[in-house]
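Next comes structure_26.cif, with mmCIF, C-alpha atoms and all ligand atoms.
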```cif
data_final
#
loop_
_atom_site.label_atom_id
_atom_site.label_comp_id
_atom_site.auth_asym_id
_atom_site.auth_seq_id
_atom_site.Cartn_x
_atom_site.Cartn_y
_atom_site.Cartn_z
CA MET A 1 -45.32 -72.79 -10.13
CA ILE A 2 -47.97 -74.41 -7.98
CA SER A 3 -48.61 -72.36 -4.92
CA ILE A 4 -49.69 -73.96 -1.71
CA ALA A 5 -51.25 -70.76 -0.49
CA PRO A 6 -53.48 -71.37 2.47
CA LYS A 7 -57.07 -70.35 1.92
CA LEU A 8 -57.72 -66.68 2.54
CA GLY A 9 -58.90 -66.14 6.05
CA SER A 10 -56.78 -68.97 7.38
CA PRO A 11 -54.75 -67.89 10.41
CA GLU A 12 -51.54 -67.75 8.40
CA PHE A 13 -52.76 -64.62 6.66
CA GLN A 14 -52.39 -61.46 8.67
CA THR A 15 -54.60 -58.44 8.07
CA LEU A 16 -53.85 -54.75 8.04
CA PRO A 17 -56.50 -52.05 7.57
CA LEU A 18 -56.17 -49.61 4.67
CA LYS A 19 -58.20 -46.64 5.83
CA THR A 20 -55.69 -43.78 6.00
CA ASP A 21 -52.55 -42.45 4.28
CA GLU A 22 -50.63 -43.56 7.36
CA ASN A 23 -51.86 -47.15 6.91
CA VAL A 24 -50.27 -47.13 3.45
CA VAL A 25 -46.92 -46.04 4.93
CA ALA A 26 -47.24 -48.73 7.60
CA LEU A 27 -47.86 -51.34 4.89
CA ARG A 28 -44.78 -50.29 2.92
CA LYS A 29 -42.70 -50.72 6.09
CA LEU A 30 -44.25 -54.07 6.91
CA VAL A 31 -43.81 -55.47 3.40
CA ARG A 32 -40.18 -54.39 3.47
CA GLU A 33 -39.66 -56.14 6.82
CA GLN A 34 -41.27 -59.36 5.60
CA LEU A 35 -39.09 -59.41 2.48
CA VAL A 36 -35.90 -58.65 4.39
CA ALA A 37 -36.74 -61.51 6.75
CA ILE A 38 -36.91 -63.98 3.86
CA ASN A 39 -33.78 -62.55 2.23
CA PHE A 40 -35.17 -60.99 -0.95
CA SER A 41 -32.68 -59.04 -3.06
CA LEU A 42 -32.83 -55.28 -2.57
CA VAL A 43 -34.23 -54.75 -6.07
CA ASP A 44 -36.98 -57.34 -5.59
CA GLN A 45 -37.82 -55.85 -2.18
CA THR A 46 -38.18 -52.45 -3.79
CA LYS A 47 -40.31 -53.74 -6.66
CA CYS A 48 -42.67 -55.56 -4.32
CA VAL A 49 -42.98 -52.66 -1.86
CA THR A 50 -43.71 -50.31 -4.75
CA ALA A 51 -46.40 -52.61 -6.18
CA ALA A 52 -47.96 -52.92 -2.71
CA SER A 53 -47.92 -49.15 -2.31
CA GLU A 54 -49.72 -48.62 -5.62
CA LEU A 55 -52.42 -51.17 -4.83
CA ALA A 56 -52.89 -49.97 -1.26
CA ARG A 57 -53.42 -46.43 -2.49
CA ASN A 58 -56.02 -47.65 -4.98
CA THR A 59 -57.84 -49.54 -2.22
CA LEU A 60 -57.87 -46.37 -0.17
CA LYS A 61 -58.57 -43.82 -2.88
CA TYR A 62 -60.94 -45.64 -5.21
CA GLY A 63 -62.21 -48.48 -3.05
CA GLY A 64 -63.11 -46.17 -0.18
CA GLY A 65 -60.71 -48.02 2.08
CA GLY A 66 -60.46 -51.69 2.85
CA GLN A 67 -57.84 -54.10 4.02
CA VAL A 68 -54.82 -56.05 2.93
CA ARG A 69 -54.07 -59.64 3.86
CA PHE A 70 -50.58 -60.98 3.53
CA SER A 71 -48.65 -64.16 4.07
CA VAL A 72 -45.32 -65.72 3.24
CA LEU A 73 -45.79 -68.64 0.83
CA ALA A 74 -43.60 -71.63 0.18
CA ALA A 75 -43.72 -73.54 -3.11
CA ASP A 76 -41.25 -75.62 -5.09
CA GLY A 77 -38.60 -74.86 -2.53
CA SER A 78 -38.96 -71.13 -3.00
CA LEU A 79 -40.42 -68.46 -0.78
CA GLY A 80 -42.73 -65.68 -1.80
CA LEU A 81 -44.88 -62.97 -0.35
CA CYS A 82 -48.57 -62.90 -1.18
CA LEU A 83 -50.65 -59.77 -0.66
CA VAL A 84 -54.38 -59.49 -1.22
CA PHE A 85 -56.01 -56.05 -1.38
CA ILE A 86 -59.71 -56.06 -0.67
CA ASP A 87 -62.28 -53.29 -0.82
CA ALA A 88 -66.04 -53.13 -1.07
CA GLY A 89 -66.01 -49.97 -3.16
CA PRO A 90 -67.57 -49.15 -6.54
CA GLY A 91 -65.56 -51.74 -8.45
CA ILE A 92 -63.98 -51.33 -11.88
CA LYS A 93 -66.25 -51.36 -14.93
CA ASP A 94 -63.60 -52.25 -17.48
CA VAL A 95 -60.63 -54.05 -15.93
CA PRO A 96 -58.48 -54.35 -19.11
CA GLN A 97 -58.90 -50.61 -19.62
CA ALA A 98 -57.93 -49.89 -15.99
CA LEU A 99 -54.81 -52.00 -16.49
CA THR A 100 -53.73 -49.96 -19.50
CA ASP A 101 -50.79 -47.66 -18.82
CA GLY A 102 -51.93 -44.07 -18.64
CA PHE A 103 -55.58 -44.85 -17.95
CA THR A 104 -56.87 -42.94 -14.92
CA THR A 105 -60.25 -41.67 -13.87
CA GLN A 106 -58.85 -39.35 -11.21
CA GLY A 107 -56.00 -37.45 -12.79
CA GLY A 108 -53.32 -39.88 -11.65
CA LEU A 109 -50.57 -41.19 -13.88
CA GLY A 110 -52.51 -44.36 -14.61
CA LEU A 111 -49.48 -46.51 -13.85
CA GLY A 112 -50.59 -48.13 -10.59
CA LEU A 113 -52.31 -51.27 -11.82
CA GLY A 114 -50.24 -51.86 -14.95
CA GLY A 115 -47.02 -51.00 -13.13
CA ALA A 116 -47.83 -53.22 -10.15
CA ARG A 117 -48.53 -56.10 -12.53
CA ARG A 118 -45.11 -55.69 -14.14
CA LEU A 119 -43.33 -55.50 -10.78
CA VAL A 120 -44.59 -58.81 -9.37
CA ASP A 121 -44.73 -62.43 -10.54
CA GLU A 122 -48.43 -63.15 -10.07
CA PHE A 123 -51.23 -60.65 -10.45
CA ASP A 124 -54.95 -61.43 -10.31
CA ILE A 125 -57.74 -58.92 -10.18
CA GLU A 126 -61.41 -59.48 -9.56
CA SER A 127 -63.78 -56.59 -9.65
CA GLU A 128 -67.52 -56.27 -9.83
CA PRO A 129 -69.27 -52.92 -10.26
CA GLY A 130 -71.14 -52.09 -7.09
CA LYS A 131 -69.45 -54.87 -5.12
CA GLY A 132 -65.77 -54.07 -4.86
CA THR A 133 -62.33 -55.02 -5.98
CA THR A 134 -59.82 -57.67 -4.92
CA VAL A 135 -56.26 -57.73 -6.22
CA ARG A 136 -53.90 -60.58 -5.35
CA ILE A 137 -50.18 -60.39 -6.00
CA VAL A 138 -47.26 -62.70 -5.31
CA LYS A 139 -43.57 -61.92 -5.57
CA TRP A 140 -41.29 -64.97 -5.52
CA LYS A 141 -37.73 -65.01 -4.33
CA LYS A 142 -35.32 -65.44 -7.25
CA MET B 1 -49.60 -31.57 10.50
CA ASP B 2 -45.88 -32.29 10.08
CA ARG B 3 -44.03 -30.53 7.31
CA ILE B 4 -40.81 -31.40 5.49
CA PRO B 5 -38.33 -28.56 6.15
CA ILE B 6 -37.09 -26.48 3.22
CA LEU B 7 -33.66 -24.90 3.58
CA SER B 8 -32.86 -21.72 1.73
CA MET B 9 -29.23 -21.27 0.59
CA GLY B 10 -28.55 -18.25 -1.54
CA ASN B 11 -30.89 -18.60 -4.47
CA LEU B 12 -31.29 -22.34 -3.98
CA LEU B 13 -33.84 -24.30 -2.02
CA LEU B 14 -32.74 -27.59 -0.50
CA VAL B 15 -35.05 -30.36 0.64
CA ILE B 16 -33.69 -33.49 2.24
CA ILE B 17 -36.40 -36.08 2.50
CA GLN B 18 -35.44 -38.13 5.50
CA PHE B 19 -38.26 -40.63 5.84
CA ASP B 20 -41.07 -42.29 3.93
CA MET B 21 -43.78 -39.65 3.45
CA HIS B 22 -47.49 -40.29 3.36
CA ASP B 23 -49.41 -38.77 0.47
CA ARG B 24 -50.74 -35.66 2.22
CA LEU B 25 -47.26 -34.82 3.44
CA ALA B 26 -45.86 -35.12 -0.08
CA LEU B 27 -48.58 -32.81 -1.41
CA ALA B 28 -47.89 -30.30 1.35
CA LEU B 29 -44.21 -30.31 0.38
CA GLN B 30 -45.15 -29.59 -3.24
CA ASP B 31 -47.23 -26.59 -2.13
CA ASP B 32 -44.60 -25.33 0.32
CA LEU B 33 -41.86 -25.54 -2.29
CA THR B 34 -43.89 -23.59 -4.81
CA GLU B 35 -44.54 -20.88 -2.23
CA GLN B 36 -40.91 -20.74 -1.14
CA ILE B 37 -39.65 -20.41 -4.73
CA VAL B 38 -41.63 -17.20 -5.02
CA LYS B 39 -40.84 -15.94 -1.55
CA GLU B 40 -37.08 -16.57 -1.81
CA GLN B 41 -36.92 -15.85 -5.54
CA ALA B 42 -35.12 -19.15 -5.87
CA LYS B 43 -33.50 -20.14 -9.14
CA GLY B 44 -32.99 -23.77 -8.25
CA VAL B 45 -34.55 -26.54 -6.18
CA LEU B 46 -32.52 -29.49 -4.98
CA ILE B 47 -34.41 -32.50 -3.68
CA ASP B 48 -32.32 -35.15 -1.95
CA ILE B 49 -34.14 -38.50 -2.04
CA SER B 50 -31.19 -40.67 -1.02
CA ALA B 51 -33.03 -41.77 2.13
CA LEU B 52 -36.10 -42.89 0.18
CA ASP B 53 -36.17 -46.61 -0.45
CA VAL B 54 -39.48 -46.44 -2.34
CA VAL B 55 -40.72 -43.98 -4.94
CA ASP B 56 -44.08 -44.98 -6.35
CA SER B 57 -46.17 -43.26 -9.03
CA PHE B 58 -47.66 -40.84 -6.52
CA ILE B 59 -44.33 -39.55 -5.24
CA GLY B 60 -43.09 -39.57 -8.83
CA ARG B 61 -46.00 -37.39 -9.86
CA VAL B 62 -45.38 -35.02 -6.95
CA ILE B 63 -41.76 -34.65 -8.07
CA ASN B 64 -42.82 -34.05 -11.68
CA ASN B 65 -45.47 -31.52 -10.69
CA THR B 66 -43.06 -29.71 -8.41
CA ALA B 67 -40.56 -29.45 -11.26
CA SER B 68 -43.25 -28.19 -13.66
CA MET B 69 -44.38 -25.50 -11.26
CA ALA B 70 -40.81 -24.54 -10.47
CA ARG B 71 -40.14 -24.16 -14.18
CA LEU B 72 -43.13 -21.85 -14.56
CA LEU B 73 -41.61 -19.80 -11.77
CA ALA B 74 -38.22 -19.77 -13.55
CA ALA B 75 -36.55 -22.23 -11.20
CA GLU B 76 -34.90 -25.52 -12.09
CA THR B 77 -35.26 -28.76 -10.17
CA VAL B 78 -32.60 -31.37 -9.58
CA VAL B 79 -33.32 -34.65 -7.83
CA VAL B 80 -30.25 -36.14 -6.21
CA GLY B 81 -29.24 -39.44 -4.68
CA MET B 82 -31.82 -41.79 -6.12
CA GLN B 83 -31.05 -45.33 -4.94
CA PRO B 84 -30.26 -47.75 -7.79
CA ALA B 85 -33.06 -50.14 -6.76
CA VAL B 86 -35.50 -47.22 -6.87
CA ALA B 87 -34.31 -46.22 -10.35
CA ILE B 88 -34.70 -49.79 -11.64
CA THR B 89 -38.20 -49.99 -10.17
CA LEU B 90 -39.28 -46.64 -11.62
CA VAL B 91 -38.30 -47.77 -15.11
CA GLU B 92 -40.36 -50.95 -14.77
CA LEU B 93 -43.25 -48.98 -13.32
CA GLY B 94 -43.15 -46.90 -16.50
CA LEU B 95 -42.53 -43.62 -14.76
CA ALA B 96 -40.29 -41.04 -16.35
CA LEU B 97 -39.21 -38.04 -14.34
CA THR B 98 -39.94 -35.49 -17.01
CA GLY B 99 -38.23 -32.14 -16.92
CA VAL B 100 -36.29 -33.11 -13.82
CA LYS B 101 -32.54 -33.23 -13.84
CA THR B 102 -30.85 -35.83 -11.69
CA ALA B 103 -27.46 -35.97 -10.03
CA LEU B 104 -25.70 -38.53 -7.90
CA ASN B 105 -25.33 -36.34 -4.82
CA VAL B 106 -26.01 -32.87 -3.42
CA GLU B 107 -22.63 -31.51 -4.45
CA LYS B 108 -23.04 -32.60 -8.07
CA GLY B 109 -26.63 -31.37 -8.04
CA MET B 110 -25.51 -27.94 -6.91
CA ALA B 111 -22.87 -27.85 -9.62
CA LEU B 112 -25.57 -28.68 -12.15
CA LEU B 113 -27.81 -25.88 -10.92
CA GLY B 114 -24.92 -23.44 -10.77
CA LYS B 115 -24.08 -24.20 -14.37
CA SER B 116 -27.58 -23.90 -15.73
CA SER B 117 -28.38 -20.63 -13.94
CA GLY B 118 -25.15 -19.15 -15.28
CA ARG B 119 -23.50 -18.42 -11.95
N1 LIG C 201 -59.74 -50.59 -5.96
C1 LIG C 201 -60.30 -49.91 -6.98
N2 LIG C 201 -61.63 -49.63 -6.98
C2 LIG C 201 -62.21 -48.94 -8.00
N3 LIG C 201 -61.52 -48.45 -9.06
C3 LIG C 201 -60.19 -48.68 -9.12
C4 LIG C 201 -59.50 -49.41 -8.09
N4 LIG C 201 -58.20 -49.49 -8.43
C5 LIG C 201 -58.07 -48.84 -9.60
N5 LIG C 201 -59.25 -48.35 -10.02
C6 LIG C 201 -59.51 -47.61 -11.28
O1 LIG C 201 -58.47 -47.89 -12.19
C7 LIG C 201 -57.85 -46.67 -12.63
C8 LIG C 201 -56.38 -46.90 -12.88
O2 LIG C 201 -55.71 -47.14 -11.66
P1 LIG C 201 -54.13 -46.94 -11.57
O3 LIG C 201 -53.51 -47.75 -12.67
O4 LIG C 201 -53.69 -47.23 -10.19
O5 LIG C 201 -53.90 -45.41 -11.95
P2 LIG C 201 -54.24 -44.07 -11.11
O6 LIG C 201 -54.37 -44.46 -9.67
O7 LIG C 201 -53.10 -43.18 -11.37
O8 LIG C 201 -55.53 -43.56 -11.67
C9 LIG C 201 -58.16 -45.66 -11.54
O9 LIG C 201 -58.13 -44.34 -12.02
C10 LIG C 201 -59.54 -46.11 -11.07
O10 LIG C 201 -60.54 -45.59 -11.92
MG MG C 202 -53.30 -45.86 -8.59
#
```
Would you mind writing the file's structure down as structure tokens?
Amino acid sequence: MISIAPKLGSPEFQTLPLKTDENVVALRKLVREQLVAINFSLVDQTKCVTAASELARNTLKYGGGGQVRFSVLAADGSLGLCLVFIDAGPGIKDVPQALTDGFTTQGGLGLGLGGARRLVDEFDIESEPGKGTTVRIVKWKK
Amino acid sequence: MDRIPILSMGNLLLVIIQFDMHDRLALALQDDLTEQIVKEQAKGVLIDISALDVVDSFIGRVINNTASMARLLAAETVVVGMQPAVAITLVELGLALTGVKTALNVEKGMALLGKSSGR
């Protein structure tokens, strides 16, 4: 599917800070509202909100806080929600390892990245040690 | 800080989670429950999550840890009312609620606890 996502930073993307636990709750609520507005099924809403929650927590906990940009996309007659999580934290040394189920450096369950990837339709991660991490996800309406 | 209330009923503790919790609140609930199990000498813990429309790996871990600690303190944990969409998502996330019994509603959860504690 070819996405016609506007370039990041274009006015169609809205931004929410991810600096506190409360910001993560606010994001879950907002993602839910966006998906309800474009008529996602309840299961797909729940999957996307859960993925967003996992990634937002990582941005906060490992990235030292950051932001999330989000926008509704339209492509091939379908609608989707795109979320981009951005931090300028320590980055991830070994991304494939971090994506492995059960891998955690902080005593978590190690399911956040791998689980989020399974729950959405598109998942891209860019991370550079010392520079930060960006994760982009898209969930399309079925 | 806000706290999630814990109701004590006989030798059971009942928690009804009524809104989406942030992480610190969920951790505080885990601590409070552990304390209350000892204080009330509870034999069972019933956690009603029917109002939760998201359970991610953090909340899942809090539930698992609560159940593990409860077990060490000789109490059993039953999670009731999980929404179907949440259950489907948890499976795909790869999260198993280990050592936690589940029931469809509070009544059935209580029956389960009653049975297993031999009352
Ligand atoms: N934004 C990030 N910045 C730096 N490291 C990260 C980031 N996100 C994830 N990680 C690393 O990847 C690991 C796996 O993450 P995840 O799958 O969410 O599991 P968990 O959060 O339970 O550890 C983390 O323990 C952490 O080391
Ligand atoms: Mg995580």
Kindly provide, as a PyMOL selection string, the residues of chain A having any atom no farther than 10 Å from an atom of chain B, counting only C-alpha atoms. chain A and resi 20-26+28-29+32+41-54+57+101-102+108-119
Point out the residue among B:Gln18, B:Lys115, B:Leu12, B:Leu27 with the least atom-to-atom distance to Ala75 in chain B, counting only C-alpha atoms.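 Among B:Gln18, B:Lys115, B:Leu12, B:Leu27, it is B:Leu12 that comes nearest to Ala75 in chain B.
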Between CA of Phe13 in chain A and CA of Arg69 in chain A, what is the spacing in Å?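 Taking CA of Arg69 in chain A as the start and CA of Phe13 in chain A as the end point, the length is 5.9 Å.
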Which residue out of B:Asp2, B:Glu76, B:Asp48, B:Asp32 has the minimum interatomic distance to Asn105 in chain B when only C-alpha atoms are used? B:Asp48
At a cut-off of 9 Å and counting all atoms listed in the file, what residues surround ligand LIG 201 (chain C)? Please answer as number ranges by chain. A: 54-66, 85-95, 97-116, 127, 129, 132-135; B: 57-58
Å distance separating CA of Ser50 in chain B from CA of Lys139 in chain A, one decimal place: 25.0 Å
Two-atom distance - CA of Arg3 in chain B, CA of Ala26 in chain B (Å):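 CA of Ala26 in chain B lies 8.9 Å from CA of Arg3 in chain B.
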Distance query 10 Å from (-30.8, -17.0, -5.4) using only C-alpha atoms, result as number ranges by chain: B: 8-13, 37, 40-44, 75, 117, 119
Answer as an MDAnalysis selection string, residues within 10 Å of (-35.3, -35.3, -4.0) using only C-alpha atoms: chainID B and resid 14:18 45:52 63 77:82 102:103 106
